[in-house]
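Listing of run_4.cif, mmCIF, C-alpha atoms
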data_entry
#
loop_
_atom_site.label_atom_id
_atom_site.label_comp_id
_atom_site.auth_asym_id
_atom_site.auth_seq_id
_atom_site.Cartn_x
_atom_site.Cartn_y
_atom_site.Cartn_z
CA MET L 1 64.61 152.65 17.69
CA SER L 2 67.24 153.11 15.06
CA MET L 3 70.80 152.01 15.44
CA ASN L 4 73.81 152.26 13.19
CA ARG L 5 76.31 149.51 12.68
CA ARG L 6 78.88 151.02 15.03
CA GLU L 7 76.43 151.22 17.93
CA PHE L 8 75.20 147.69 17.27
CA ILE L 9 78.71 146.22 17.36
CA LYS L 10 79.50 148.10 20.59
CA LEU L 11 76.35 146.82 22.24
CA ALA L 12 76.97 143.25 21.05
CA GLY L 13 80.55 143.39 22.37
CA ILE L 14 79.47 144.63 25.77
CA SER L 15 76.74 142.01 26.11
CA THR L 16 79.21 139.26 25.18
CA LEU L 17 81.61 140.45 27.88
CA VAL L 18 78.86 140.61 30.45
CA GLY L 19 77.63 137.18 29.44
CA VAL L 20 81.02 135.49 29.61
CA GLY L 21 81.98 137.29 32.81
CA GLY L 22 78.64 136.51 34.38
CA VAL L 23 78.98 132.81 33.71
CA SER L 24 82.41 132.64 35.34
CA VAL L 25 81.22 134.62 38.37
CA PHE L 26 78.22 132.33 38.64
CA ASN L 27 80.46 129.26 38.46
CA LYS L 28 82.68 130.67 41.21
CA LEU L 29 79.64 131.13 43.43
CA GLN L 30 78.40 127.65 42.62
CA ASN L 31 81.71 126.04 43.41
CA ASN L 32 81.38 125.52 47.12
CA ALA L 33 82.94 122.05 47.01
CA LEU L 34 85.35 121.18 49.80
CA GLU L 35 88.89 121.28 48.55
CA ALA L 36 90.50 119.21 51.26
CA SER L 37 88.23 116.22 50.81
CA GLU L 38 89.36 113.14 48.92
CA PHE L 39 88.12 109.67 48.04
CA THR L 40 90.26 106.61 48.55
CA ALA L 41 89.79 102.86 48.43
CA GLY L 42 90.66 102.28 52.07
CA PRO L 43 93.64 100.43 53.52
CA GLU L 44 92.16 96.92 53.52
CA ALA L 45 90.67 96.90 50.03
CA LEU L 46 91.65 93.96 47.83
CA ASN L 47 92.88 94.87 44.38
CA ALA L 48 93.07 93.01 41.10
CA LYS L 49 93.06 93.52 37.36
CA GLN L 50 90.40 90.91 36.70
CA TRP L 51 88.75 89.09 39.55
CA ALA L 52 87.96 85.49 38.70
CA MET L 53 86.61 82.36 40.33
CA VAL L 54 87.37 78.68 39.97
CA ILE L 55 84.58 76.31 40.94
CA ASP L 56 85.79 72.81 41.72
CA MET L 57 82.74 70.63 41.17
CA SER L 58 84.33 67.58 42.80
CA LYS L 59 84.27 69.38 46.12
CA PHE L 60 80.54 69.86 46.11
CA LYS L 61 79.22 66.60 47.51
CA THR L 62 75.59 67.14 48.41
CA PRO L 63 72.79 69.48 47.35
CA GLU L 64 73.13 70.91 50.84
CA ASP L 65 76.52 72.35 49.85
CA TYR L 66 75.06 74.40 47.00
CA LYS L 67 72.24 75.55 49.17
CA ARG L 68 74.59 76.88 51.82
CA CYS L 69 76.41 79.06 49.28
CA MET L 70 73.19 80.27 47.71
CA ASP L 71 71.43 81.01 50.97
CA ALA L 72 74.43 82.85 52.34
CA CYS L 73 74.66 85.01 49.22
CA HIS L 74 70.97 85.71 48.95
CA SER L 75 70.50 86.59 52.59
CA THR L 76 73.58 88.82 52.65
CA HIS L 77 72.38 90.78 49.64
CA ASN L 78 68.69 90.96 50.49
CA VAL L 79 67.68 88.90 47.46
CA PRO L 80 63.92 88.37 47.59
CA ASP L 81 62.26 84.99 47.14
CA PHE L 82 59.16 85.52 45.01
CA ASN L 83 58.31 81.85 45.20
CA ASN L 84 57.59 81.83 41.48
CA PRO L 85 60.11 80.75 38.85
CA LYS L 86 58.89 83.41 36.43
CA ASP L 87 59.78 86.26 38.80
CA GLU L 88 62.79 84.56 40.35
CA ILE L 89 65.76 86.70 41.37
CA LYS L 90 69.02 84.79 41.44
CA TRP L 91 72.59 85.83 42.04
CA ILE L 92 73.94 82.30 42.33
CA TRP L 93 71.98 79.21 41.37
CA PRO L 94 72.29 75.51 40.45
CA GLU L 95 71.87 74.11 36.93
CA THR L 96 72.43 70.79 35.18
CA PHE L 97 75.50 70.19 33.01
CA GLU L 98 73.41 70.14 29.87
CA HIS L 99 72.01 73.60 30.58
CA ALA L 100 75.20 75.10 31.97
CA PHE L 101 77.38 73.92 29.09
CA PRO L 102 75.06 73.41 26.12
CA GLY L 103 76.56 71.39 23.30
CA GLN L 104 79.08 69.67 25.56
CA GLU L 105 76.80 66.90 26.74
CA HIS L 106 76.72 63.52 25.02
CA LYS L 107 74.98 60.25 25.59
CA TYR L 108 78.04 58.37 26.89
CA MET L 109 78.66 60.84 29.64
CA ASN L 110 78.93 59.48 33.15
CA GLU L 111 75.73 59.65 35.14
CA GLU L 112 77.22 61.64 37.95
CA THR L 113 78.27 64.58 35.79
CA LYS L 114 75.04 64.39 33.83
CA GLU L 115 72.89 64.72 36.89
CA LYS L 116 75.05 66.87 39.06
CA SER L 117 74.08 70.47 39.74
CA PHE L 118 76.58 73.10 38.67
CA LEU L 119 76.87 76.31 40.59
CA LEU L 120 76.30 79.26 38.27
CA LEU L 121 76.75 82.98 38.83
CA CYS L 122 77.59 86.07 36.84
CA ASN L 123 80.75 85.35 34.85
CA HIS L 124 82.10 88.89 35.15
CA CYS L 125 83.22 88.57 31.56
CA ALA L 126 86.30 90.36 30.32
CA ASN L 127 84.23 91.45 27.34
CA PRO L 128 80.72 91.71 28.73
CA ALA L 129 77.78 91.90 26.34
CA CYS L 130 75.52 93.42 29.01
CA VAL L 131 77.81 96.45 29.39
CA ARG L 132 77.82 97.06 25.65
CA VAL L 133 74.06 97.21 25.37
CA CYS L 134 73.22 99.22 28.49
CA PRO L 135 71.82 102.55 27.25
CA THR L 136 72.47 104.42 30.51
CA LYS L 137 75.81 102.87 31.48
CA ALA L 138 74.11 101.60 34.60
CA THR L 139 76.06 98.40 34.17
CA PHE L 140 79.74 98.87 33.64
CA LYS L 141 83.07 97.19 34.11
CA ARG L 142 85.11 98.28 37.07
CA LYS L 143 88.88 98.64 37.02
CA ASP L 144 89.16 95.35 38.93
CA GLY L 145 87.14 93.49 36.31
CA VAL L 146 83.89 93.25 38.23
CA VAL L 147 80.83 93.84 36.08
CA MET L 148 78.93 96.19 38.35
CA GLN L 149 75.41 97.54 38.43
CA ASP L 150 74.60 101.12 39.39
CA MET L 151 71.04 100.75 40.64
CA HIS L 152 70.62 104.52 40.71
CA ARG L 153 70.97 104.61 36.94
CA CYS L 154 69.12 101.46 35.89
CA ILE L 155 65.97 102.32 33.96
CA GLY L 156 64.78 98.72 33.75
CA CYS L 157 64.96 98.36 29.97
CA ARG L 158 66.24 94.75 30.32
CA PHE L 159 68.56 95.02 27.30
CA CYS L 160 71.27 93.52 29.50
CA MET L 161 69.09 90.52 30.25
CA ALA L 162 68.61 89.93 26.55
CA ALA L 163 72.32 90.37 25.91
CA CYS L 164 73.67 88.17 28.70
CA PRO L 165 74.15 84.66 27.29
CA PHE L 166 74.34 83.17 30.78
CA GLY L 167 71.01 84.19 32.26
CA ALA L 168 72.84 85.85 35.10
CA ARG L 169 70.53 88.83 35.34
CA SER L 170 67.17 89.04 37.04
CA PHE L 171 64.53 91.72 36.82
CA ASN L 172 62.45 92.94 39.73
CA TYR L 173 59.00 92.52 38.21
CA ARG L 174 57.56 93.15 41.66
CA SER L 175 58.72 95.18 44.59
CA PRO L 176 61.19 93.13 46.61
CA ARG L 177 60.04 95.00 49.71
CA GLY L 178 56.55 93.53 49.47
CA LYS L 179 54.90 90.49 51.00
CA ASP L 180 53.93 87.15 49.49
CA ALA L 181 50.46 85.62 49.38
CA ASN L 182 50.80 84.38 52.95
CA GLY L 183 51.74 87.80 54.27
CA GLN L 184 55.39 86.84 54.70
CA PRO L 185 58.01 89.39 53.63
CA LEU L 186 59.72 88.45 50.35
CA ILE L 187 63.10 89.19 51.91
CA LYS L 188 62.99 86.83 54.83
CA GLU L 189 65.60 88.48 56.99
CA GLU L 190 66.75 91.91 55.97
CA ASN L 191 70.47 92.51 56.19
CA THR L 192 70.39 96.12 57.35
CA ALA L 193 73.97 96.70 56.22
CA TYR L 194 73.09 96.20 52.54
CA PRO L 195 70.38 97.89 50.47
CA THR L 196 67.50 96.11 48.79
CA ARG L 197 66.50 96.85 45.23
CA MET L 198 63.28 98.43 43.99
CA ILE L 199 60.70 97.37 41.44
CA GLY L 200 61.89 97.82 37.85
CA VAL L 201 65.64 97.33 38.15
CA VAL L 202 67.88 94.49 37.02
CA GLU L 203 70.24 92.88 39.49
CA LYS L 204 72.92 90.21 39.62
CA CYS L 205 76.00 88.98 41.42
CA THR L 206 78.58 91.71 42.10
CA PHE L 207 81.44 89.47 43.28
CA CYS L 208 80.70 91.05 46.68
CA THR L 209 82.36 94.39 45.93
CA GLU L 210 81.26 95.61 49.36
CA ARG L 211 83.29 92.79 50.95
CA LEU L 212 86.33 93.15 48.66
CA ALA L 213 86.48 96.79 49.75
CA VAL L 214 87.10 95.74 53.35
CA GLY L 215 89.50 92.91 52.59
CA LYS L 216 87.06 90.00 52.65
CA LEU L 217 86.48 87.39 49.97
CA PRO L 218 83.03 86.97 48.43
CA LYS L 219 80.44 85.45 50.74
CA CYS L 220 79.99 82.25 48.71
CA VAL L 221 83.74 81.61 48.80
CA GLU L 222 83.84 82.13 52.54
CA VAL L 223 80.93 79.74 53.08
CA ALA L 224 82.29 77.13 50.68
CA ASP L 225 85.58 77.11 52.56
CA GLU L 226 83.70 76.01 55.66
CA PHE L 227 82.58 72.70 54.18
CA SER L 228 85.22 72.07 51.56
CA LYS L 229 88.43 74.02 51.27
CA GLY L 230 89.03 75.12 47.70
CA ALA L 231 85.54 74.38 46.40
CA LEU L 232 85.35 78.00 45.34
CA VAL L 233 88.63 79.79 44.76
CA PHE L 234 88.74 83.52 44.15
CA GLY L 235 91.64 85.56 42.86
CA ASP L 236 93.19 87.79 40.25
CA LEU L 237 93.24 86.27 36.78
CA ALA L 238 95.89 88.74 35.65
CA ASP L 239 98.29 87.72 38.40
CA ALA L 240 100.29 84.65 37.37
CA ASN L 241 100.94 83.74 41.02
CA SER L 242 97.35 83.89 42.15
CA GLU L 243 95.59 80.79 43.38
CA VAL L 244 93.13 80.81 40.50
CA ARG L 245 95.92 80.94 37.95
CA LYS L 246 97.72 78.05 39.63
CA ILE L 247 94.63 75.88 39.33
CA ILE L 248 93.94 76.94 35.77
CA ASN L 249 97.56 76.16 34.88
CA THR L 250 97.52 72.68 36.39
CA LYS L 251 93.98 71.44 35.90
CA TYR L 252 91.69 71.22 32.92
CA THR L 253 89.03 73.87 33.34
CA ILE L 254 86.05 74.81 31.21
CA ARG L 255 84.03 77.96 30.94
CA ARG L 256 80.46 78.52 29.93
CA LYS L 257 79.91 79.31 26.24
CA PRO L 258 83.46 80.50 25.50
CA GLU L 259 82.65 80.48 21.78
CA LEU L 260 80.62 83.67 22.22
CA GLY L 261 83.79 85.62 22.93
CA THR L 262 82.69 87.30 26.13
CA GLU L 263 85.66 85.79 27.98
CA PRO L 264 83.96 84.58 31.17
CA SER L 265 85.99 84.82 34.36
CA VAL L 266 84.38 81.87 36.11
CA PHE L 267 86.15 78.55 35.50
CA TYR L 268 84.89 75.07 36.29
CA VAL L 269 86.96 72.08 37.27
CA ILE L 270 84.84 69.10 36.36
CA GLY L 271 86.90 66.01 37.12
CA GLY L 272 88.94 66.56 40.18
CA ASN L 273 90.46 63.07 40.13
CA ASP L 274 93.86 62.55 41.66
CA TYR L 275 95.69 62.95 38.38
CA ALA L 276 95.49 66.68 38.72
CA ILE L 277 96.05 68.13 42.12
CA VAL L 278 97.47 71.44 43.21
CA PRO L 279 99.57 70.66 46.27
CA GLU L 280 98.98 74.10 47.77
CA LEU L 281 95.28 73.50 47.93
CA LEU L 282 95.30 70.23 49.79
CA MET F 1 36.16 145.98 23.57
CA TYR F 2 33.03 143.87 23.46
CA ASP F 3 31.60 142.58 26.73
CA SER F 4 34.15 144.58 28.65
CA GLY F 5 32.14 144.37 31.86
CA LYS F 6 32.10 140.58 31.89
CA ILE F 7 35.72 140.31 30.88
CA ILE F 8 36.95 142.72 33.53
CA ILE F 9 34.89 141.02 36.26
CA GLY F 10 36.21 137.68 35.06
CA LEU F 11 39.77 138.96 35.15
CA ILE F 12 39.33 140.30 38.67
CA ILE F 13 37.95 136.97 39.87
CA PHE F 14 40.77 135.13 38.13
CA LEU F 15 43.45 137.33 39.70
CA ALA F 16 41.82 137.05 43.10
CA LEU F 17 41.90 133.25 42.87
CA VAL F 18 45.44 133.05 41.57
CA THR F 19 46.85 135.38 44.22
CA PHE F 20 44.78 133.86 47.03
CA PRO F 21 47.64 131.78 48.50
CA PHE F 22 49.84 134.85 48.70
CA TYR F 23 47.53 137.28 50.48
CA ASN F 24 46.08 134.52 52.59
CA ASN F 25 49.51 133.79 54.05
CA ILE F 26 50.75 137.36 54.41
CA GLY F 27 51.96 138.02 57.92
CA LYS F 28 51.63 134.42 59.02
CA VAL F 29 54.78 132.79 60.28
CA ASN F 30 55.26 129.37 58.81
CA ALA F 31 56.85 127.01 61.29
CA LYS F 32 60.29 126.10 59.99
CA PRO F 33 61.21 122.45 60.36
CA GLU F 34 63.38 121.92 63.42
CA LEU F 35 65.66 118.97 62.86
CA LYS F 36 66.46 116.72 65.75
CA ILE F 37 70.14 115.93 66.03
CA ASP F 38 70.09 114.38 69.47
CA THR F 39 69.62 110.70 68.73
CA PRO F 40 70.77 108.17 71.35
CA GLU F 41 73.72 107.34 69.10
CA ILE F 42 74.87 110.96 68.95
CA GLN F 43 74.41 111.40 72.69
CA LYS F 44 76.65 108.43 73.30
CA LEU F 45 79.51 110.09 71.42
CA PRO F 46 82.01 112.11 73.42
CA GLU F 47 81.39 115.84 73.20
CA LEU F 48 84.32 116.50 70.88
CA GLU F 49 83.30 113.89 68.33
CA ARG F 50 79.77 115.15 67.90
CA LYS F 51 80.58 116.53 64.51
CA CYS F 52 79.12 115.65 61.17
CA VAL F 53 81.23 114.62 58.21
CA GLU F 54 81.51 118.25 57.18
CA PRO F 55 80.57 121.55 58.89
CA LYS F 56 76.89 122.05 59.58
CA ASP F 57 76.48 124.96 57.18
CA PHE F 58 77.93 122.98 54.32
CA MET F 59 75.85 119.93 55.12
CA ARG F 60 72.66 121.96 55.31
CA GLY F 61 73.06 123.30 51.79
CA GLY F 62 75.23 120.67 50.16
CA HIS F 63 74.40 117.27 51.64
CA MET F 64 72.71 116.19 48.45
CA GLN F 65 75.78 117.03 46.42
CA LEU F 66 78.00 115.27 48.93
CA LEU F 67 75.80 112.18 48.83
CA ASN F 68 75.87 112.21 45.03
CA ASP F 69 79.67 112.42 45.06
CA TRP F 70 79.82 109.61 47.59
CA ARG F 71 77.54 107.44 45.51
CA ASP F 72 79.56 107.95 42.35
CA SER F 73 82.79 107.30 44.19
CA VAL F 74 81.57 104.10 45.85
CA VAL F 75 79.54 102.55 43.07
CA ARG F 76 81.48 103.61 40.03
CA ASN F 77 85.07 103.98 41.27
CA GLY F 78 85.02 101.56 44.18
CA ASN F 79 86.51 104.16 46.54
CA ARG F 80 84.72 103.89 49.84
CA VAL F 81 86.75 106.00 52.24
CA TYR F 82 86.20 109.73 52.48
CA LYS F 83 88.76 112.05 54.03
CA ASN F 84 86.93 115.16 55.20
CA SER F 85 88.18 118.72 55.45
CA ALA F 86 89.36 118.00 59.00
CA ASN F 87 91.43 115.05 57.76
CA LYS F 88 89.20 112.42 59.34
CA ASP F 89 88.22 109.22 57.51
CA PHE F 90 84.65 108.12 56.98
CA ASN F 91 83.11 105.07 55.37
CA MET F 92 81.02 106.45 52.53
CA SER F 93 77.66 104.84 53.15
CA LEU F 94 74.27 106.42 53.63
CA GLN F 95 72.84 103.34 55.26
CA ASN F 96 75.83 102.38 57.41
CA GLU F 97 77.51 105.68 58.15
CA CYS F 98 75.09 108.63 57.96
CA MET F 99 72.21 106.79 59.56
CA ARG F 100 74.43 105.23 62.20
CA CYS F 101 74.33 108.58 63.99
CA HIS F 102 71.21 110.11 62.47
CA SER F 103 69.06 107.14 63.33
CA ASN F 104 65.92 109.29 63.28
CA LYS F 105 64.96 109.45 59.62
CA LYS F 106 61.51 110.88 60.39
CA ASP F 107 62.79 113.80 62.42
CA PHE F 108 65.92 114.33 60.39
CA CYS F 109 65.47 113.59 56.68
CA ASP F 110 61.72 113.56 56.27
CA LYS F 111 60.95 116.69 58.22
CA CYS F 112 62.84 119.00 55.92
CA HIS F 113 62.15 117.05 52.74
CA ASN F 114 58.41 117.16 53.41
CA TYR F 115 58.57 120.87 54.15
CA MET F 116 60.42 121.52 50.91
CA ALA F 117 58.27 119.02 49.01
CA VAL F 118 61.25 117.09 47.69
CA VAL F 119 60.98 113.34 47.29
CA PRO F 120 64.41 111.75 47.03
CA TYR F 121 64.27 108.05 46.22
CA CYS F 122 66.98 106.98 48.69
CA TRP F 123 64.71 104.81 50.78
CA ASP F 124 63.25 102.83 47.89
CA CYS F 125 66.36 100.68 48.19
CA HIS F 126 68.39 101.77 51.19
CA ILE F 127 67.05 100.46 54.45
CA ALA F 128 66.19 103.16 56.96
CA PRO F 129 67.12 102.58 60.59
CA LYS F 130 64.34 101.55 62.93
CA GLU F 131 62.74 104.56 64.56
CA LYS F 132 63.45 104.75 68.27
CA LYS F 133 62.01 106.83 71.03
CA LEU F 134 64.28 108.99 73.12
#

Can I see the file as structure tokens?
Amino acid sequence: MSMNRREFIKLAGISTLVGVGGVSVFNKLQNNALEASEFTAGPEALNAKQWAMVIDMSKFKTPEDYKRCMDACHSTHNVPDFNNPKDEIKWIWPETFEHAFPGQEHKYMNEETKEKSFLLLCNHCANPACVRVCPTKATFKRKDGVVMQDMHRCIGCRFCMAACPFGARSFNYRSPRGKDANGQPLIKEENTAYPTRMIGVVEKCTFCTERLAVGKLPKCVEVADEFSKGALVFGDLADANSEVRKIINTKYTIRRKPELGTEPSVFYVIGGNDYAIVPELL
Amino acid sequence: MYDSGKIIIGLIIFLALVTFPFYNNIGKVNAKPELKIDTPEIQKLPELERKCVEPKDFMRGGHMQLLNDWRDSVVRNGNRVYKNSANKDFNMSLQNECMRCHSNKKDFCDKCHNYMAVVPYCWDCHIAPKEKKL
């Protein structure tokens, strides 16, 4: 087949038109989305710029208090108990002062603080290292400051676990749906309103986004209020009138490893003696 | 062509094998999956409210797209309320909203998915409702 330049250009022009036109027609056909539909946050949703928590250690009296918060969180979110520290999944957990605040301990420290358990959870950092390293953007920072995990996207690379300086992330080395050596389910009582996770994904505390969306405070805060009002206080760090800001303004608070620059949003009140009291919280 | 006899016989056998599924099924009616949408929960609803989030025809072809949009909206944007084309609000949740009515995963989701040989991973994490008998 021979073809002169004129014919070739004509043919090329026509095929371009057909191609471009075809694509737009195809897109029209594809676009069967519903125009009237819309997504909203719901009327009761709580909003903030940066959610934060203040943990008043003086209000945790017994190991039972920690356990209540932890059990409530873990049973609400279907966190499995692998009964093995190597595989442990933890959203909220106790730790000694020395391990929670390395470098701050010294030999003249009072015994109580030295031996006390501190309640740790994801710090929902303002500048989270885990979000920076995630190759699939499975972990990301929401508009309200919560560092969130999209389990649908997590590929289980565990970069975030290596990046997080607080050990707040746990990997599902085994299927959380399985059973332990005694034939007991790893998730003791399934909460059917919340999903489980699957083998090969990383999980952590989410500041109870599912509860914030319906106007409730995180589960641990709710439970802590039952035994000691103000043991865990939750609020917007960006709002100068929020409860958390009032405490941070009036009491001396510390954060875990602030020198790393991740700007943790969980603050600890260590002392809690009567020289620093917020009247509103009494 | 060398060995044309063998090659042609081989080709015929090959074609016969490859096309076997087609001529074997010619004329046979394959039972289409019939989805059950009469769970106890749906029967309890008043007649007028027995409507899915969107029209049936859209849901049949586009439920996967809708679920994807819901997922992105809830997980990534934190928006959990869906206003449908009839201006009604729904809580965007597979586990708590879809399956609240369609509590028969086996006769609803699985039937069609098995027929079409698609394996969505929803139930690796989301908890399916307990199967009930009508």

(Q) If the cut-off is 6 Å, can you tell me the residues of chain L near chain F, counting all atoms listed in the file? I'd like them as number ranges by chain. (A) L: 36-42, 195-198

Next, write the just-selected residues to a file, as a PDB file, in the frame of the given file, keeping C-alpha atoms as the atom set.
ATOM      1  CA  ALA L  36      90.500 119.210  51.260  1.00  0.00           C
ATOM      2  CA  SER L  37      88.230 116.220  50.810  1.00  0.00           C
ATOM      3  CA  GLU L  38      89.360 113.140  48.920  1.00  0.00           C
ATOM      4  CA  PHE L  39      88.120 109.670  48.040  1.00  0.00           C
ATOM      5  CA  THR L  40      90.260 106.610  48.550  1.00  0.00           C
ATOM      6  CA  ALA L  41      89.790 102.860  48.430  1.00  0.00           C
ATOM      7  CA  GLY L  42      90.660 102.280  52.070  1.00  0.00           C
ATOM      8  CA  PRO L 195      70.380  97.890  50.470  1.00  0.00           C
ATOM      9  CA  THR L 196      67.500  96.110  48.790  1.00  0.00           C
ATOM     10  CA  ARG L 197      66.500  96.850  45.230  1.00  0.00           C
ATOM     11  CA  MET L 198      63.280  98.430  43.990  1.00  0.00           C
TER      12      MET L 198
END

Using only C-alpha atoms, the best pick from L:Arg177, L:His152, L:Lys229, L:Lys216 as closest to Asn68 of chain F would be L:His152

Check your understanding: What residues have an atom no more than 9 Å from (74.8, 74.8, 31.8) in the file's own frame, counting only C-alpha atoms, and can you write them as JSON, numbers by chain?
Key -> {"L": [95, 96, 97, 98, 99, 100, 101, 102, 118, 120, 166, 256, 257]}

Just write the chosen residues, C-alpha atoms, as a compact mmCIF listing (two decimals), in the frame of the given file.
# COMPACT_ATOMS: atom_id res chain seq x y z
CA GLU L 95 71.87 74.11 36.93
CA THR L 96 72.43 70.79 35.18
CA PHE L 97 75.50 70.19 33.01
CA GLU L 98 73.41 70.14 29.87
CA HIS L 99 72.01 73.60 30.58
CA ALA L 100 75.20 75.10 31.97
CA PHE L 101 77.38 73.92 29.09
CA PRO L 102 75.06 73.41 26.12
CA PHE L 118 76.58 73.10 38.67
CA LEU L 120 76.30 79.26 38.27
CA PHE L 166 74.34 83.17 30.78
CA ARG L 256 80.46 78.52 29.93
CA LYS L 257 79.91 79.31 26.24

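The smallest atom-to-atom distance between Glu131 of chain F and any of F:Ile8, F:Met99, F:Met59, F:Val118, using only C-alpha atoms, is found for F:Met99.
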
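Listed by chain and then by number, the residues chosen by the PyMOL selection byres ((chain F and resi 103) around 9) in this file are Thr39, Pro40, Glu41, Ile42, Cys98, Met99, Arg100, Cys101, His102, Asn104, Lys105, Lys106, Phe108, Ala128, Pro129, Lys130, Glu131 and Lys132 of chain F.
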
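Straight-line separation from atom CA of Ile92 of chain L to atom CA of Cys122 of chain L: 7.6 Å.
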
| task | List the neighbours of Cys157 of chain L out to 9 Å using only C-alpha atoms; skip same-chain residues closer than 4 positions along the sequence, and give me the result as a PyMOL selection string. | result | chain L and resi 134-135+161+200-202

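With all atoms listed in the file as the atoms that count, the minimum distance from Cys164 of chain L to the choices L:Asn127, L:Ala48, L:Tyr194, L:Asn110 is reached by L:Asn127.
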
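For the atom pair formed by atom CA of Met64 of chain F and atom CA of Ala117 of chain F, the distance is 14.7 Å, given to one decimal.
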
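Distances here use all atoms listed in the file; by that measure, the residue among L:Lys61, L:Arg68, L:His74, L:Arg158 closest to Lys116 of chain L is L:Lys61.
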
Students should find that atom CA of Lys219 of chain L and atom CA of Arg174 of chain L are spaced 25.8 Å

Practice task
Name the residues captured by the PyMOL selection byres ((chain L and resi 188) around 8) when it is applied to the shown file; answer as a ChimeraX atom specification.
Solution key: /L:75,80-81,184-187,189-190

Practice item. Please identify all polymer residues lying at most 10 Å from the point (82.4, 98.9, 33.7) (file coordinates), using all atoms listed in the file, and present the result as a VMD selection string. Key: (chain L and resid 126 to 128 130 to 132 137 to 150) or (chain F and resid 76 to 77)

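All residues of protein, DNA or RNA that reach within 12 Å of segment 28-31 of chain F, judged by only C-alpha atoms and not counting those fewer than 3 positions away in the chain, are Pro21, Phe22, Tyr23, Asn24, Asn25, Glu34, Lys111, Cys112 and Tyr115 of chain F.
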
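Distances to Glu44 of chain L were evaluated for L:Gly215, L:Phe26, L:Val20, L:Ala12 using all atoms listed in the file, and the minimum falls at L:Gly215.
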